[in-house]
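Asker: Take a look at the following structure, please.
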Protein chains: 2
Amino acid sequence: MINPVYLKIVEDIKKKINGAELKPGDAISSETSLCKEYGASRMTVRKGLAILVSEGYIYSIPGKGNFVQKPEQDKYIVHYDEMNNSINRVDKIKLLEVNIIMPDEKLAAELQITRNKNVILIRRLFYTDGAPVAYDVKYLLYQKGMPIVEKEIEHATFAEMVSNSMPIYALKKELSIYSRMPNEEIKRYLNIYDELALLVVEQKLFNNESKPIGLGVTHYRGDYIRLRGISG
Amino acid sequence: MINPVYLKIVEDIKKKINGAELKPGDAISSETSLCKEYGASRMTVRKGLAILVSEGYIYSIPGKGNFVQKPEQDKYIVHYDEMNNSINRVDKIKLLEVNIIMPDEKLAAELQITRNKNVILIRRLFYTDGAPVAYDVKYLLYQKGMPIVEKEIEHATFAEMVSNSMPIYALKKELSIYSRMPNEEIKRYLNIYDELALLVVEQKLFNNESKPIGLGVTHYRGDYIRLRGISG
DNA sequence: CAGTGGTCTAGACCACAGC
DNA sequence: CTGTGGTCTAGACCACTGC
C-alpha cells in the first residue's frame, strides 16, 4: 500500500486538531468506532493512536478514552555544539592550561563534591578565521580512561572528553545560557577593546546516576554567536 | 502484568546500548530471534522496537534489520516563555506603543512581505518586583480575530496575540538568542546606569504554510534572565 | 531463493471507568 | 454490568535485501 491505513488515521485526526474541530480535552472517537469508521482492525487503529500519543497530540486514560492533549507552547529544540553554531565554526583551538585544582566553595557545590577532592581544570581559546572568538573553561572529575594527553584534550568537545569513560548514551547534559560583560582577563584573551557583551553557555554533564561529572563555561564574543531554537 | 513484555524488551536493549555492548551501527537481533528469545509474538517484539525507534535509540532498514542509532549529541530542550524564566516571573507590564507602521527593508525581508504592507507594532516594558527587566518589541501581520483592544494586547504573550486567528497547534516558532549591549533608549527604559549586557531573544511565528506572521524581539537585562536546556 | 522488516487481521484476556 | 483502553497471539501477505 502507498498509504498505510494507520497513517491515514493519524493525518485525519491531526487535521481535526489543527483545524480546531477537536480542542484540547475533547474525546477522540473510541477505538472500536474508529475500527468501524476505517474498516480496520483494532491493532491498526491503535498503531495510529500510538503515533499521535508519541507526538504529543493526544493522551489516553484507560477505561475512559483518548483525549486531545494541550500543546506545550513553550518547548523549543536547540542544537548546541560548543565548536559549531548556526553562523560560525571554530577552526583553531589554543590550549591555555591543564591543571589539577582544589575547587572553591561554589565549584564544589556545583559538582556536588567536598572541597578536598581534586578537579581537572582545562582552559582553552577558540578561534575562527584567525581571531579569538571564545574563552572556554572546563572542570572535570577524573574518570578512568579520560584523555590525559594534551593533544587529545586540545580539540575535544566536552562530551568527547568523557566519552572514553562513559558511553555517550548514558550522558545527561544541562545548559544554562546568559549574558555578561567580559572582565579584563577575558577582554585580553578575546581582543575586546570597546564595549562588547559576552554570551555565556554553561554546560553540566551528569553520569547515569545523575551525579555531576563536569562543568564547562564557554564565553563567546556577543558578535560571534547566535543560538537557534525550533518549536516542537 | 506488572511489566509488559514489550517494556522488558525495551529495557534490555537500552541497557545493552548504554552499557556499550551494542555500539552505533551494530545490528539488533532480528525480530524473529527476539520472538524466540522472549517467547513473544512478533507484534509484541515490534511494539518494543517501535518505542526504541521513536526514542531515537535504533533505526530500521526494511529487508536488512534494526540497527543502533548514533545519538544526537547536541540536541537540547529549552522552555522559553517570554514572561517566565527559570529564575524570575514578569508581574507587571507597561504598554509603551501600539501602532501601524510601514516596515523598513530589514523587517520586510524578515517577514517576507513588500515594504508597502502594513505591520502592527507593539512596544512593551516587562517588570518584576517593581523594576523594569525587559524591553519588548513585536511586529505582527494583521490577521482576522486579532486583539485590537489595548487591554488584551498588554498582557498577551506572542503566541496568545495570534491564537484567536490561528489554532495554537498549527503555529511554528523559531528562537534566536544572542547577546548585545543596550543602546541609550533601552538603557533609559531598563534603568541601566553602568555596564550591563542584554540577553536578546528573537521569536518568529509562522503559520501552517510556513509563512512568517510575526517577529518579536525581547531585550532582557543580563542580570535578570537565564535560559536553561536539558539534553534529549 | 531465504531472511528481513512493514502492514494487517480477528480474535483473546485483563484492568479500569461509570452507571 | 457495559464500554473503555492495555496487552498479546498466531497467523497472513507484501516489499525489499543479499546471495
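Labeling convention for the C-alpha cells: chains A, B, ... as they appear, residues from 1 per chain, ligands from 1 in order of appearance.
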Please provide as a list in words all residues within 9 Å of C:DA15, with the sequence filter that same-chain residues fewer than 6 positions apart are discarded (counting only C-alpha atoms (C1' of nucleotides)).
Answerer: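 That gives Pro62 and Gly63 of chain A; DG6 of chain D.
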Asker: Return the neighbours of chain A among the residues of chain D, cut-off 9 Å, counting only C-alpha atoms (C1' of nucleotides), as a PyMOL selection string.
Answerer: chain D and resi 3-6+14
Asker: Take the residues from that selection and put them in a file with all heavy atoms, as a JSON list (two decimals), in the first residue's frame.
Answerer:
```
[["chain", "number", "residue", "atom", "x", "y", "z"],
["D", 3, "DG", "P", -21.95, -2.01, 25.49],
["D", 3, "DG", "OP1", -22.88, -1.31, 24.56],
["D", 3, "DG", "OP2", -21.43, -3.34, 25.17],
["D", 3, "DG", "O5'", -20.70, -1.04, 25.75],
["D", 3, "DG", "C5'", -20.93, 0.27, 26.24],
["D", 3, "DG", "C4'", -19.61, 0.96, 26.49],
["D", 3, "DG", "O4'", -18.99, 0.38, 27.66],
["D", 3, "DG", "C3'", -18.60, 0.79, 25.34],
["D", 3, "DG", "O3'", -18.02, 2.05, 25.01],
["D", 3, "DG", "C2'", -17.55, -0.15, 25.91],
["D", 3, "DG", "C1'", -17.62, 0.14, 27.40],
["D", 3, "DG", "N9", -17.18, -0.98, 28.22],
["D", 3, "DG", "C8", -17.55, -2.30, 28.12],
["D", 3, "DG", "N7", -16.98, -3.07, 28.99],
["D", 3, "DG", "C5", -16.16, -2.22, 29.73],
["D", 3, "DG", "C6", -15.29, -2.48, 30.82],
["D", 3, "DG", "O6", -15.06, -3.57, 31.36],
["D", 3, "DG", "N1", -14.67, -1.32, 31.26],
["D", 3, "DG", "C2", -14.86, -0.06, 30.73],
["D", 3, "DG", "N2", -14.17, 0.93, 31.29],
["D", 3, "DG", "N3", -15.67, 0.20, 29.71],
["D", 3, "DG", "C4", -16.28, -0.92, 29.27],
["D", 4, "DT", "P", -16.96, 2.16, 23.81],
["D", 4, "DT", "OP1", -17.28, 3.42, 23.09],
["D", 4, "DT", "OP2", -16.90, 0.87, 23.07],
["D", 4, "DT", "O5'", -15.56, 2.36, 24.54],
["D", 4, "DT", "C5'", -15.38, 3.52, 25.37],
["D", 4, "DT", "C4'", -14.17, 3.33, 26.22],
["D", 4, "DT", "O4'", -14.39, 2.19, 27.09],
["D", 4, "DT", "C3'", -12.92, 2.94, 25.46],
["D", 4, "DT", "O3'", -12.27, 4.07, 24.96],
["D", 4, "DT", "C2'", -12.09, 2.29, 26.57],
["D", 4, "DT", "C1'", -13.13, 1.74, 27.52],
["D", 4, "DT", "N1", -13.17, 0.24, 27.58],
["D", 4, "DT", "C2", -12.42, -0.38, 28.53],
["D", 4, "DT", "O2", -11.70, 0.21, 29.29],
["D", 4, "DT", "N3", -12.53, -1.76, 28.53],
["D", 4, "DT", "C4", -13.31, -2.53, 27.69],
["D", 4, "DT", "O4", -13.33, -3.75, 27.79],
["D", 4, "DT", "C5", -14.07, -1.81, 26.72],
["D", 4, "DT", "C7", -14.93, -2.56, 25.76],
["D", 4, "DT", "C6", -13.98, -0.47, 26.71],
["D", 5, "DG", "P", -11.19, 3.91, 23.81],
["D", 5, "DG", "OP1", -10.94, 5.23, 23.21],
["D", 5, "DG", "OP2", -11.64, 2.79, 22.98],
["D", 5, "DG", "O5'", -9.89, 3.45, 24.60],
["D", 5, "DG", "C5'", -9.28, 4.34, 25.52],
["D", 5, "DG", "C4'", -8.35, 3.59, 26.45],
["D", 5, "DG", "O4'", -9.00, 2.38, 26.88],
["D", 5, "DG", "C3'", -7.03, 3.14, 25.80],
["D", 5, "DG", "O3'", -5.97, 3.31, 26.74],
["D", 5, "DG", "C2'", -7.28, 1.67, 25.52],
["D", 5, "DG", "C1'", -8.14, 1.29, 26.72],
["D", 5, "DG", "N9", -8.93, 0.09, 26.48],
["D", 5, "DG", "C8", -9.92, -0.07, 25.55],
["D", 5, "DG", "N7", -10.46, -1.26, 25.57],
["D", 5, "DG", "C5", -9.77, -1.93, 26.58],
["D", 5, "DG", "C6", -9.91, -3.26, 27.06],
["D", 5, "DG", "O6", -10.69, -4.13, 26.68],
["D", 5, "DG", "N1", -9.01, -3.52, 28.09],
["D", 5, "DG", "C2", -8.09, -2.63, 28.60],
["D", 5, "DG", "N2", -7.30, -3.05, 29.58],
["D", 5, "DG", "N3", -7.96, -1.38, 28.16],
["D", 5, "DG", "C4", -8.82, -1.10, 27.15],
["D", 6, "DG", "P", -4.49, 2.68, 26.44],
["D", 6, "DG", "OP1", -3.47, 3.52, 27.09],
["D", 6, "DG", "OP2", -4.43, 2.38, 24.99],
["D", 6, "DG", "O5'", -4.56, 1.29, 27.24],
["D", 6, "DG", "C5'", -4.03, 1.20, 28.55],
["D", 6, "DG", "C4'", -3.27, -0.11, 28.71],
["D", 6, "DG", "O4'", -4.18, -1.21, 28.52],
["D", 6, "DG", "C3'", -2.15, -0.31, 27.67],
["D", 6, "DG", "O3'", -1.02, -0.89, 28.30],
["D", 6, "DG", "C2'", -2.78, -1.23, 26.65],
["D", 6, "DG", "C1'", -3.69, -2.08, 27.53],
["D", 6, "DG", "N9", -4.81, -2.64, 26.80],
["D", 6, "DG", "C8", -5.59, -2.00, 25.87],
["D", 6, "DG", "N7", -6.52, -2.76, 25.36],
["D", 6, "DG", "C5", -6.34, -3.99, 25.98],
["D", 6, "DG", "C6", -7.06, -5.22, 25.84],
["D", 6, "DG", "O6", -8.01, -5.45, 25.10],
["D", 6, "DG", "N1", -6.54, -6.21, 26.68],
["D", 6, "DG", "C2", -5.49, -6.04, 27.54],
["D", 6, "DG", "N2", -5.14, -7.12, 28.26],
["D", 6, "DG", "N3", -4.81, -4.91, 27.68],
["D", 6, "DG", "C4", -5.30, -3.93, 26.88],
["D", 14, "DC", "P", 0.48, -10.97, -1.57],
["D", 14, "DC", "OP1", -0.42, -10.60, -2.67],
["D", 14, "DC", "OP2", 1.36, -12.16, -1.67],
["D", 14, "DC", "O5'", 1.44, -9.73, -1.26],
["D", 14, "DC", "C5'", 0.88, -8.49, -0.88],
["D", 14, "DC", "C4'", 1.98, -7.55, -0.39],
["D", 14, "DC", "O4'", 2.51, -8.06, 0.85],
["D", 14, "DC", "C3'", 3.17, -7.48, -1.34],
["D", 14, "DC", "O3'", 3.13, -6.25, -2.06],
["D", 14, "DC", "C2'", 4.41, -7.55, -0.44],
["D", 14, "DC", "C1'", 3.86, -7.66, 0.96],
["D", 14, "DC", "N1", 4.55, -8.68, 1.80],
["D", 14, "DC", "C2", 5.48, -8.27, 2.75],
["D", 14, "DC", "O2", 5.73, -7.07, 2.87],
["D", 14, "DC", "N3", 6.11, -9.21, 3.49],
["D", 14, "DC", "C4", 5.81, -10.50, 3.33],
["D", 14, "DC", "N4", 6.44, -11.40, 4.09],
["D", 14, "DC", "C5", 4.85, -10.93, 2.37],
["D", 14, "DC", "C6", 4.25, -10.01, 1.63]]
```
Asker: May I have a table of the residues of chain C lying at most 8 Å from chain B, giving each one's closest pair of atoms and their distance in Å to one decimal, counting only C-alpha atoms (C1' of nucleotides), ordered by chain and ascending residue number, as a tab-separated table?
Answerer:
```
residue	atom	partner	partner_atom	distance
C:DG3	C1'	B:Gly63	CA	7.8
C:DT4	C1'	B:Gly63	CA	4.1
C:DG5	C1'	B:Pro62	CA	4.5
C:DG6	C1'	B:Pro62	CA	7.5
```
Asker: Considering only C-alpha atoms, state which residue in the set A:Glu11, A:Asp91, A:Asp74, A:Glu202 is at the smallest distance from chain B.
Answerer: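 Looking only at the distances to chain B, the closest residue turns out to be A:Asp74.
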Asker: Write down, as a count of residues only, each residue of chain B that has any atom within 7 Å of an atom of chain A, counting only C-alpha atoms.
Answerer: 37
Asker: Report, in Å to a single decimal, how far apart atom CA of A:Ser165 and atom CA of B:Leu22 are.
Answerer: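 Separation between atom CA of B:Leu22 and atom CA of A:Ser165: 15.7 Å.
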Asker: I'd like the contact shell of D:DA12 - 12 Å cut-off, only C-alpha atoms (C1' of nucleotides), skipping same-chain residues fewer than 5 positions apart - returned as number ranges by chain.
Answerer: C: 7-10
Asker: Hey, which of A:Leu125, A:Asp26, A:Lys138, A:Pro132 ends up closest to A:Gln69? Count only C-alpha atoms.
Answerer: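 Using only C-alpha atoms, the shortest distance to A:Gln69 belongs to A:Asp26.
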Asker: In Å to one decimal, how far is atom C1' of C:DC19 from atom CA of A:Cys35?
Answerer: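 Separation of atom CA of A:Cys35 and atom C1' of C:DC19: 25.1 Å.
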Asker: Can you list every residue in stretch 27-156 of chain B that DSSP puts in strand (DSSP E or B), as a count of residues only?
Answerer: 47
Asker: Expressed in Å to a single decimal, how great is the separation between atom CA of B:Ile100 and atom CA of B:Val137?
Answerer: 13.1 Å
Asker: Please list as a PyMOL selection string every residue within 9 Å of D:DT9, counting only C-alpha atoms (C1' of nucleotides) and excluding residues in the same chain fewer than 6 positions away.
Answerer: (chain B and resi 40-44) or (chain C and resi 11-12)
Asker: Could you tell me, as a PyMOL selection string, which residues of stretch 24-177 of chain B DSSP assigns to helix (DSSP H, G or I) when given the backbone?
Answerer: chain B and resi 31-38+42-54+105-110+150-155+158-163+168-170
Asker: Would you kindly return, as a PyMOL selection string, each protein, DNA or RNA residue with an atom no farther than 8 Å from any atom of B:Leu49, considering only C-alpha atoms (C1' of nucleotides) and excluding same-chain residues fewer than 5 positions away?
Answerer: chain B and resi 9-10+58
Asker: For B:Met83, please output as a list in words all residues within 8 Å (counting only C-alpha atoms (C1' of nucleotides); exclusion window: fewer than 2 positions along the same chain).
Answerer: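 The contact residues come out as Asp81, Asn85, Arg89, Val90, Phe126 and Thr157 of chain B.
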